[in-house]
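Next comes final.txt, a file with compact mmCIF, C-alpha atoms and all ligand atoms.
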```txt
# COMPACT_ATOMS: atom_id res chain seq x y z
CA MET A 947 -18.31 -49.08 -24.39
CA LYS A 948 -17.91 -52.54 -22.85
CA LYS A 949 -14.14 -52.15 -23.05
CA LEU A 950 -14.39 -48.80 -21.28
CA VAL A 951 -16.41 -50.28 -18.42
CA ILE A 952 -13.90 -53.12 -17.99
CA LEU A 953 -11.03 -50.61 -18.05
CA SER A 954 -12.71 -48.46 -15.38
CA VAL A 955 -13.33 -51.47 -13.14
CA MET A 956 -9.70 -52.57 -13.54
CA LEU A 957 -8.49 -49.06 -12.71
CA CYS A 958 -10.64 -48.97 -9.57
CA LEU A 959 -9.39 -52.35 -8.44
CA TYR A 960 -5.80 -51.32 -9.15
CA THR A 961 -6.14 -48.05 -7.23
CA TYR A 962 -7.86 -49.79 -4.35
CA GLY A 963 -5.15 -52.41 -4.34
CA ILE A 964 -2.37 -49.80 -4.16
CA GLY A 965 -4.22 -47.97 -1.40
CA GLN A 966 -4.40 -51.20 0.59
CA THR A 967 -0.74 -51.86 -0.02
CA LEU A 968 0.30 -48.38 1.14
CA GLN A 969 -1.83 -48.59 4.25
CA THR A 970 -0.61 -51.97 5.30
CA THR A 971 3.09 -51.51 4.55
CA LYS A 972 5.02 -51.34 7.80
CA PRO A 973 8.50 -49.79 8.19
CA VAL A 974 11.26 -52.33 8.37
CA PRO A 975 12.56 -52.38 11.99
CA GLY A 976 16.05 -50.95 12.29
CA LYS A 977 16.21 -49.62 8.75
CA TYR A 978 15.55 -45.95 9.64
CA PRO A 979 16.20 -44.07 12.92
CA GLU A 980 13.08 -43.62 14.99
CA LEU A 981 11.61 -40.13 14.75
CA GLU A 982 12.01 -38.13 17.94
CA LYS A 983 8.68 -37.68 19.67
CA MET A 984 7.45 -34.11 19.11
CA THR A 985 6.79 -31.88 22.11
CA PRO A 986 5.07 -28.45 22.07
CA GLY A 987 8.33 -26.66 22.86
CA MET A 988 9.99 -27.87 19.66
CA THR A 989 7.94 -25.37 17.60
CA GLU A 990 8.16 -22.40 19.99
CA ILE A 991 10.52 -19.52 19.10
CA TRP A 992 11.43 -17.26 22.02
CA GLU A 993 14.42 -15.19 20.93
CA PRO A 994 14.84 -12.43 20.08
CA GLU A 995 11.85 -11.00 21.92
CA VAL A 996 9.53 -8.95 19.66
CA LYS A 997 10.31 -5.23 19.94
CA ILE A 998 7.91 -3.45 22.24
CA ILE A 999 6.41 -0.10 21.14
CA GLN A 1000 3.63 2.05 22.52
CA PRO A 1001 0.45 2.42 20.47
CA GLY A 1002 -1.19 5.80 19.94
CA VAL A 1003 -4.18 6.81 22.06
CA THR A 1004 -6.38 6.03 19.07
CA ASN A 1005 -5.49 4.11 15.92
CA SER A 1006 -5.05 7.44 14.13
CA ASP A 1007 -2.40 8.65 16.58
CA ALA A 1008 1.27 7.96 15.95
CA PRO A 1009 2.72 4.96 17.77
CA SER A 1010 6.02 5.44 19.57
CA ASP A 1011 8.23 4.25 16.70
CA ALA A 1012 6.67 6.54 14.06
CA ILE A 1013 8.30 9.57 12.48
CA VAL A 1014 5.85 12.48 12.63
CA LEU A 1015 5.96 14.33 9.32
CA PHE A 1016 3.27 16.89 10.10
CA SER A 1017 1.59 17.50 13.45
CA GLY A 1018 -0.25 20.74 12.68
CA THR A 1019 2.30 23.33 13.59
CA GLU A 1020 4.97 23.96 11.02
CA LEU A 1021 5.97 22.53 7.68
CA ASN A 1022 9.56 23.40 6.95
CA SER A 1023 11.37 21.04 9.29
CA GLU A 1024 10.18 17.97 7.37
CA TRP A 1025 9.07 19.28 3.95
CA THR A 1026 10.31 21.40 1.04
CA ASP A 1027 9.10 22.19 -2.44
CA LEU A 1028 10.45 20.04 -5.27
CA GLN A 1029 13.50 22.30 -5.64
CA GLY A 1030 14.41 21.87 -1.98
CA ASN A 1031 13.24 25.36 -0.98
CA PRO A 1032 10.67 26.26 1.70
CA SER A 1033 7.23 25.49 0.34
CA LYS A 1034 4.49 28.05 -0.14
CA TRP A 1035 1.79 25.66 1.02
CA ILE A 1036 -0.24 27.25 3.81
CA VAL A 1037 -0.53 25.97 7.37
CA LYS A 1038 -3.70 27.32 8.95
CA ASP A 1039 -5.48 26.20 12.13
CA GLY A 1040 -3.36 23.06 12.24
CA VAL A 1041 -4.15 22.14 8.63
CA LEU A 1042 -1.66 21.94 5.79
CA ILE A 1043 -3.30 23.22 2.62
CA SER A 1044 -2.33 22.42 -0.94
CA THR A 1045 -1.85 25.80 -2.58
CA ARG A 1046 -2.48 26.49 -6.23
CA GLY A 1047 0.71 27.25 -8.12
CA ALA A 1048 2.99 26.36 -5.22
CA GLY A 1049 3.78 22.97 -6.72
CA PHE A 1050 4.21 19.62 -5.01
CA ILE A 1051 5.84 19.33 -1.61
CA LYS A 1052 8.16 16.50 -0.64
CA SER A 1053 9.41 15.07 2.61
CA LYS A 1054 13.06 15.78 3.32
CA ARG A 1055 13.48 12.20 4.47
CA LYS A 1056 13.53 9.39 1.97
CA PHE A 1057 11.93 6.05 2.57
CA GLU A 1058 11.87 2.48 1.31
CA ASN A 1059 9.27 0.21 2.87
CA PHE A 1060 6.80 1.90 5.17
CA GLN A 1061 3.41 2.29 6.81
CA LEU A 1062 2.05 5.80 6.24
CA HIS A 1063 -0.88 7.44 7.99
CA ILE A 1064 -2.29 10.61 6.48
CA GLU A 1065 -5.55 12.50 6.94
CA TRP A 1066 -7.09 14.67 4.24
CA ARG A 1067 -10.22 16.58 3.40
CA THR A 1068 -11.47 18.05 0.18
CA PRO A 1069 -13.04 21.53 0.22
CA ALA A 1070 -16.48 21.75 1.85
CA GLU A 1071 -17.47 24.18 -0.86
CA VAL A 1072 -17.80 21.98 -3.91
CA SER A 1073 -16.56 23.31 -7.21
CA GLY A 1074 -15.51 21.59 -10.39
CA GLU A 1075 -16.25 18.04 -11.45
CA SER A 1076 -14.54 14.76 -12.22
CA GLN A 1077 -10.76 15.20 -11.83
CA GLY A 1078 -11.20 18.92 -11.15
CA ARG A 1079 -12.86 18.50 -7.75
CA GLY A 1080 -10.67 18.24 -4.64
CA ASN A 1081 -7.76 16.73 -6.51
CA SER A 1082 -4.44 16.12 -4.80
CA GLY A 1083 -2.44 12.97 -4.23
CA VAL A 1084 0.03 11.09 -2.09
CA PHE A 1085 3.07 10.01 -4.08
CA LEU A 1086 5.04 7.07 -2.70
CA GLN A 1087 8.80 7.26 -3.35
CA GLU A 1088 7.96 10.27 -5.57
CA LEU A 1089 6.63 7.97 -8.27
CA TYR A 1090 3.47 6.12 -7.35
CA GLU A 1091 0.30 8.11 -6.67
CA VAL A 1092 -2.50 7.18 -4.30
CA GLN A 1093 -5.18 9.50 -5.62
CA VAL A 1094 -6.82 12.08 -3.38
CA LEU A 1095 -10.06 13.38 -4.86
CA ASP A 1096 -13.58 14.40 -3.89
CA SER A 1097 -15.25 11.18 -5.02
CA TYR A 1098 -18.49 11.78 -3.13
CA ASN A 1099 -21.18 11.99 -5.80
CA ASN A 1100 -18.55 12.82 -8.37
CA ARG A 1101 -18.06 10.26 -11.14
CA THR A 1102 -14.78 10.07 -12.93
CA TYR A 1103 -12.86 7.18 -14.50
CA ARG A 1104 -12.78 4.39 -11.90
CA ASN A 1105 -9.00 4.02 -11.90
CA GLY A 1106 -8.66 7.74 -11.20
CA GLN A 1107 -11.07 8.20 -8.31
CA ALA A 1108 -10.10 8.65 -4.65
CA GLY A 1109 -8.13 5.69 -3.38
CA SER A 1110 -7.03 4.54 -6.81
CA LEU A 1111 -3.43 3.79 -7.62
CA TYR A 1112 -3.81 6.36 -10.32
CA LYS A 1113 -4.56 4.83 -13.72
CA GLN A 1114 -3.52 1.37 -12.51
CA TYR A 1115 -5.95 0.11 -9.88
CA ALA A 1116 -9.43 1.34 -8.96
CA PRO A 1117 -10.25 1.09 -5.24
CA LEU A 1118 -12.21 -2.01 -4.21
CA VAL A 1119 -15.04 0.20 -2.92
CA ASN A 1120 -15.89 3.89 -2.73
CA VAL A 1121 -15.90 4.67 1.00
CA CYS A 1122 -15.55 8.45 0.66
CA LYS A 1123 -16.98 10.85 3.17
CA LYS A 1124 -18.66 14.10 2.23
CA PRO A 1125 -16.65 17.11 1.08
CA GLY A 1126 -15.21 18.98 4.04
CA GLU A 1127 -15.07 15.87 6.27
CA TRP A 1128 -11.75 14.42 7.39
CA GLN A 1129 -10.76 11.08 5.90
CA THR A 1130 -7.83 8.76 6.57
CA TYR A 1131 -5.46 6.76 4.45
CA ASP A 1132 -3.31 4.06 5.97
CA ILE A 1133 -0.88 2.97 3.30
CA ILE A 1134 1.48 0.01 3.45
CA TYR A 1135 4.14 0.17 0.79
CA THR A 1136 6.79 -2.33 -0.28
CA ALA A 1137 9.49 -0.82 -2.47
CA PRO A 1138 10.61 -2.53 -5.66
CA THR A 1139 14.00 -4.09 -6.21
CA PHE A 1140 16.10 -3.90 -9.36
CA GLY A 1141 18.81 -6.00 -10.91
CA ASN A 1142 21.41 -4.86 -13.43
CA ASP A 1143 18.69 -4.02 -15.91
CA SER A 1144 17.66 -0.51 -14.88
CA ALA A 1145 14.42 -0.57 -16.89
CA SER A 1146 12.63 -3.43 -15.19
CA TYR A 1147 11.80 -4.56 -11.68
CA VAL A 1148 13.07 -7.79 -10.15
CA ILE A 1149 10.37 -7.43 -7.49
CA ARG A 1150 7.64 -4.95 -8.31
CA PRO A 1151 6.33 -2.33 -5.85
CA ARG A 1152 3.27 -3.33 -3.84
CA VAL A 1153 0.65 -1.21 -2.08
CA THR A 1154 -2.12 -1.80 0.43
CA VAL A 1155 -4.48 1.05 1.33
CA LEU A 1156 -7.16 1.40 3.98
CA GLN A 1157 -9.44 4.42 3.63
CA ASN A 1158 -11.41 5.38 6.73
CA GLY A 1159 -10.50 1.96 8.14
CA VAL A 1160 -11.75 0.02 5.11
CA LEU A 1161 -9.47 -2.02 2.86
CA ILE A 1162 -9.56 -0.46 -0.62
CA GLN A 1163 -6.29 -1.71 -2.15
CA ASN A 1164 -5.22 -5.23 -1.26
CA ASN A 1165 -1.50 -5.63 -1.83
CA VAL A 1166 -1.70 -4.59 -5.47
CA VAL A 1167 1.40 -5.01 -7.62
CA LEU A 1168 2.24 -1.83 -9.50
CA ARG A 1169 2.97 -1.93 -13.21
CA GLY A 1170 5.34 1.04 -13.12
CA PRO A 1171 5.39 4.72 -12.16
CA THR A 1172 2.17 6.74 -12.24
CA GLU A 1173 1.73 8.29 -15.66
CA TYR A 1174 -0.98 10.65 -16.80
CA ILE A 1175 -0.34 9.67 -20.41
CA GLY A 1176 1.31 6.44 -21.41
CA ILE A 1177 2.00 2.86 -20.41
CA PRO A 1178 3.53 2.59 -16.91
CA GLU A 1179 5.87 -0.26 -17.91
CA TYR A 1180 7.62 2.00 -20.41
CA PHE A 1181 8.64 4.44 -17.66
CA ILE A 1182 10.30 2.08 -15.20
CA LYS A 1183 13.67 3.40 -14.14
CA LYS A 1184 15.91 2.06 -11.39
CA HIS A 1185 15.54 4.04 -8.18
CA GLY A 1186 16.41 3.92 -4.51
CA PRO A 1187 14.67 5.39 -1.45
CA GLY A 1188 12.33 8.28 -2.20
CA SER A 1189 10.33 11.04 -0.55
CA ILE A 1190 6.65 11.19 0.17
CA GLU A 1191 5.20 13.86 -2.10
CA LEU A 1192 1.87 15.66 -1.87
CA GLN A 1193 0.36 16.97 -5.06
CA ASP A 1194 -0.70 20.51 -5.87
CA HIS A 1195 -3.44 19.98 -8.44
CA GLY A 1196 -4.88 23.45 -8.04
CA ASN A 1197 -7.49 22.54 -5.39
CA PRO A 1198 -7.16 23.55 -1.71
CA VAL A 1199 -7.10 20.06 -0.20
CA GLY A 1200 -6.20 19.96 3.50
CA TYR A 1201 -3.88 17.52 5.28
CA ARG A 1202 -3.18 16.80 8.93
CA ASN A 1203 -1.69 14.17 11.24
CA ILE A 1204 0.90 12.66 8.91
CA TRP A 1205 3.17 9.99 10.34
CA ILE A 1206 5.21 7.13 8.95
CA ARG A 1207 6.81 3.94 10.23
CA GLU A 1208 9.77 2.50 8.39
CA LEU A 1209 9.45 -1.23 7.90
MG MG A 1301 -4.11 13.61 -7.98
```

Could you rewrite the structure in this file as structure tokens?
Amino acid sequence: MKKLVILSVMLCLYTYGIGQTLQTTKPVPGKYPELEKMTPGMTEIWEPEVKIIQPGVTNSDAPSDAIVLFSGTELNSEWTDLQGNPSKWIVKDGVLISTRGAGFIKSKRKFENFQLHIEWRTPAEVSGESQGRGNSGVFLQELYEVQVLDSYNNRTYRNGQAGSLYKQYAPLVNVCKKPGEWQTYDIIYTAPTFGNDSASYVIRPRVTVLQNGVLIQNNVVLRGPTEYIGIPEYFIKKHGPGSIELQDHGNPVGYRNIWIREL
């Protein structure tokens, strides 16, 4: 014990001594060039000027550099079914409705990194439970699903409720509105990159989601494609740009005001 105390005191003295030495050591004149005196301008970057765009009237409206994928009128200019044919999804009163048996729809354009705005509502008339109530989904690059579901008073597995990255990440909170009310997703997506190995990512895909203005997915790193059964990592396959897809899960979920900004 006595030895330990002596050792501690010596260590303190040694440390203090070094500290004193470091503080009192002066640079040798002429040995190094004098540092140029910093001015504020040395850390200002002016060029190129940041691109100017026009914001929407509200934060839900498309800014001037967005591609509008659905504005409430017609579907076929920007979307097809999965076979590339005109989709049988219904457009009624400005709302695009997921139609049972019609299958998924996909955007004709393919995307890499993007910011996507999409508004959705589950049926006001509640029927079904758990995954059977107001189920649809927004698939990023055709592979990664942001779940759309009526999660208002409707328990299901937490990594499968509205706002989940299906079966990978539960949303941070449940901020769902009532059935029949319009809700928003603002999704920021960073595409993965691949090397020579086609079955693994070099950089994995990342997703941020705001639902009704609230952060529910904070830059989560995806494990692999969305799988109903199985381990996502086992299904990784090299891919390039992909469509946005909307899921037909048999429930008449409505969509409107869909726009995207390529990043
Ligand atoms: Mg779904």

Exercise. Looking at only C-alpha atoms, which of A:Gly1176, A:Gly1083, A:Pro1151, A:Pro1069 is the one that sits closest to A:Lys1123?
Worked result: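 Smallest distance to A:Lys1123 is found for A:Pro1069.
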
Problem set entry | Contacts to ligand MG 1301 (chain A) at 7 Å cut-off (only C-alpha atoms and all ligand atoms) as a VMD selection string | chain A and resid 1081 to 1083 1093 to 1095 1193 1195

Seminar exercise, completed: A straight line from atom CA of A:Arg1207 to atom CA of A:Thr1139 spans 19.7 Å

For this session: Go through A:Trp1025, A:Thr1019, A:Ile1051, A:Arg1150 and flag the residue nearest A:Val1037, using all atoms listed in the file for the distances.
Result: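 Selected residue with least distance to A:Val1037: A:Thr1019.
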
For this session: Kindly indicate which residue among A:Arg1104, A:Lys1124, A:Lys1056, A:Lys1113 lies nearest to A:Thr1068, using all atoms listed in the file for the distances.
Result: A:Lys1124

Exercise. Which one of A:Val1166, A:Ile1182, A:Ala1012, A:Ile998 sits closest to A:Thr1154 if you count only C-alpha atoms?
Worked result: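 Result for the nearest residue to A:Thr1154: A:Val1166.
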
Exercise. So what do you get for atom CA of A:Gly1080 versus atom CA of A:Glu1191, distance-wise?
Worked result: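 Here the two named atoms are 16.7 Å from each other.
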
Exercise. Which one of A:Asp1027, A:Glu990, A:Glu1179, A:Glu1020 sits closest to A:Asp1194 if you count only C-alpha atoms?
Worked result: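 When distances to A:Asp1194 are compared using only C-alpha atoms, the smallest one comes from A:Asp1027.
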
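Coordinates place atom CA of A:Leu1209 at a distance of 17.4 Å from atom CA of A:Pro994.
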
Exercise. Nearest to A:Val1014 among A:Arg1079, A:Lys983, A:Lys1038, A:Arg1055, with distances taken over all atoms listed in the file: which residue is it?
Worked result: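 For A:Val1014, the nearest of the given residues is A:Arg1055.
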
Need the shell around A:Leu1161: protein/DNA/RNA residues with any atom at most 12 Å away, counting all atoms listed in the file. Skip same-chain ones fewer than 4 positions apart. Format as a CSV table (one decimal) with C-alpha atoms, in the frame of the given file?
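Result file result.csv:
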```
chain,number,residue,atom,x,y,z
A,1109,GLY,CA,-8.1,5.7,-3.4
A,1110,SER,CA,-7.0,4.5,-6.8
A,1117,PRO,CA,-10.2,1.1,-5.2
A,1118,LEU,CA,-12.2,-2.0,-4.2
A,1119,VAL,CA,-15.0,0.2,-2.9
A,1120,ASN,CA,-15.9,3.9,-2.7
A,1121,VAL,CA,-15.9,4.7,1.0
A,1130,THR,CA,-7.8,8.8,6.6
A,1131,TYR,CA,-5.5,6.8,4.4
A,1132,ASP,CA,-3.3,4.1,6.0
A,1133,ILE,CA,-0.9,3.0,3.3
A,1134,ILE,CA,1.5,0.0,3.4
A,1153,VAL,CA,0.6,-1.2,-2.1
A,1154,THR,CA,-2.1,-1.8,0.4
A,1155,VAL,CA,-4.5,1.0,1.3
A,1156,LEU,CA,-7.2,1.4,4.0
A,1157,GLN,CA,-9.4,4.4,3.6
A,1165,ASN,CA,-1.5,-5.6,-1.8
A,1166,VAL,CA,-1.7,-4.6,-5.5
```

Exercise. Could you pull the residues within 12 Å of A:Asn1142, counting all atoms listed in the file, minus those fewer than 4 positions along the same chain, as a list of chain:residue names?
Worked result: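 The contact residues come out as A:Ser1146, A:Tyr1147, A:Val1148, A:Lys1183, A:Lys1184, A:His1185.
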
Serialized selection, C-alpha atoms, as an mmCIF file, keeping the file's coordinate frame:
```
data_model
loop_
_atom_site.group_PDB
_atom_site.id
_atom_site.type_symbol
_atom_site.label_atom_id
_atom_site.label_comp_id
_atom_site.auth_asym_id
_atom_site.auth_seq_id
_atom_site.Cartn_x
_atom_site.Cartn_y
_atom_site.Cartn_z
ATOM 1 C CA SER A 1146 12.630 -3.430 -15.190
ATOM 2 C CA TYR A 1147 11.800 -4.560 -11.680
ATOM 3 C CA VAL A 1148 13.070 -7.790 -10.150
ATOM 4 C CA LYS A 1183 13.670 3.400 -14.140
ATOM 5 C CA LYS A 1184 15.910 2.060 -11.390
ATOM 6 C CA HIS A 1185 15.540 4.040 -8.180
#
```
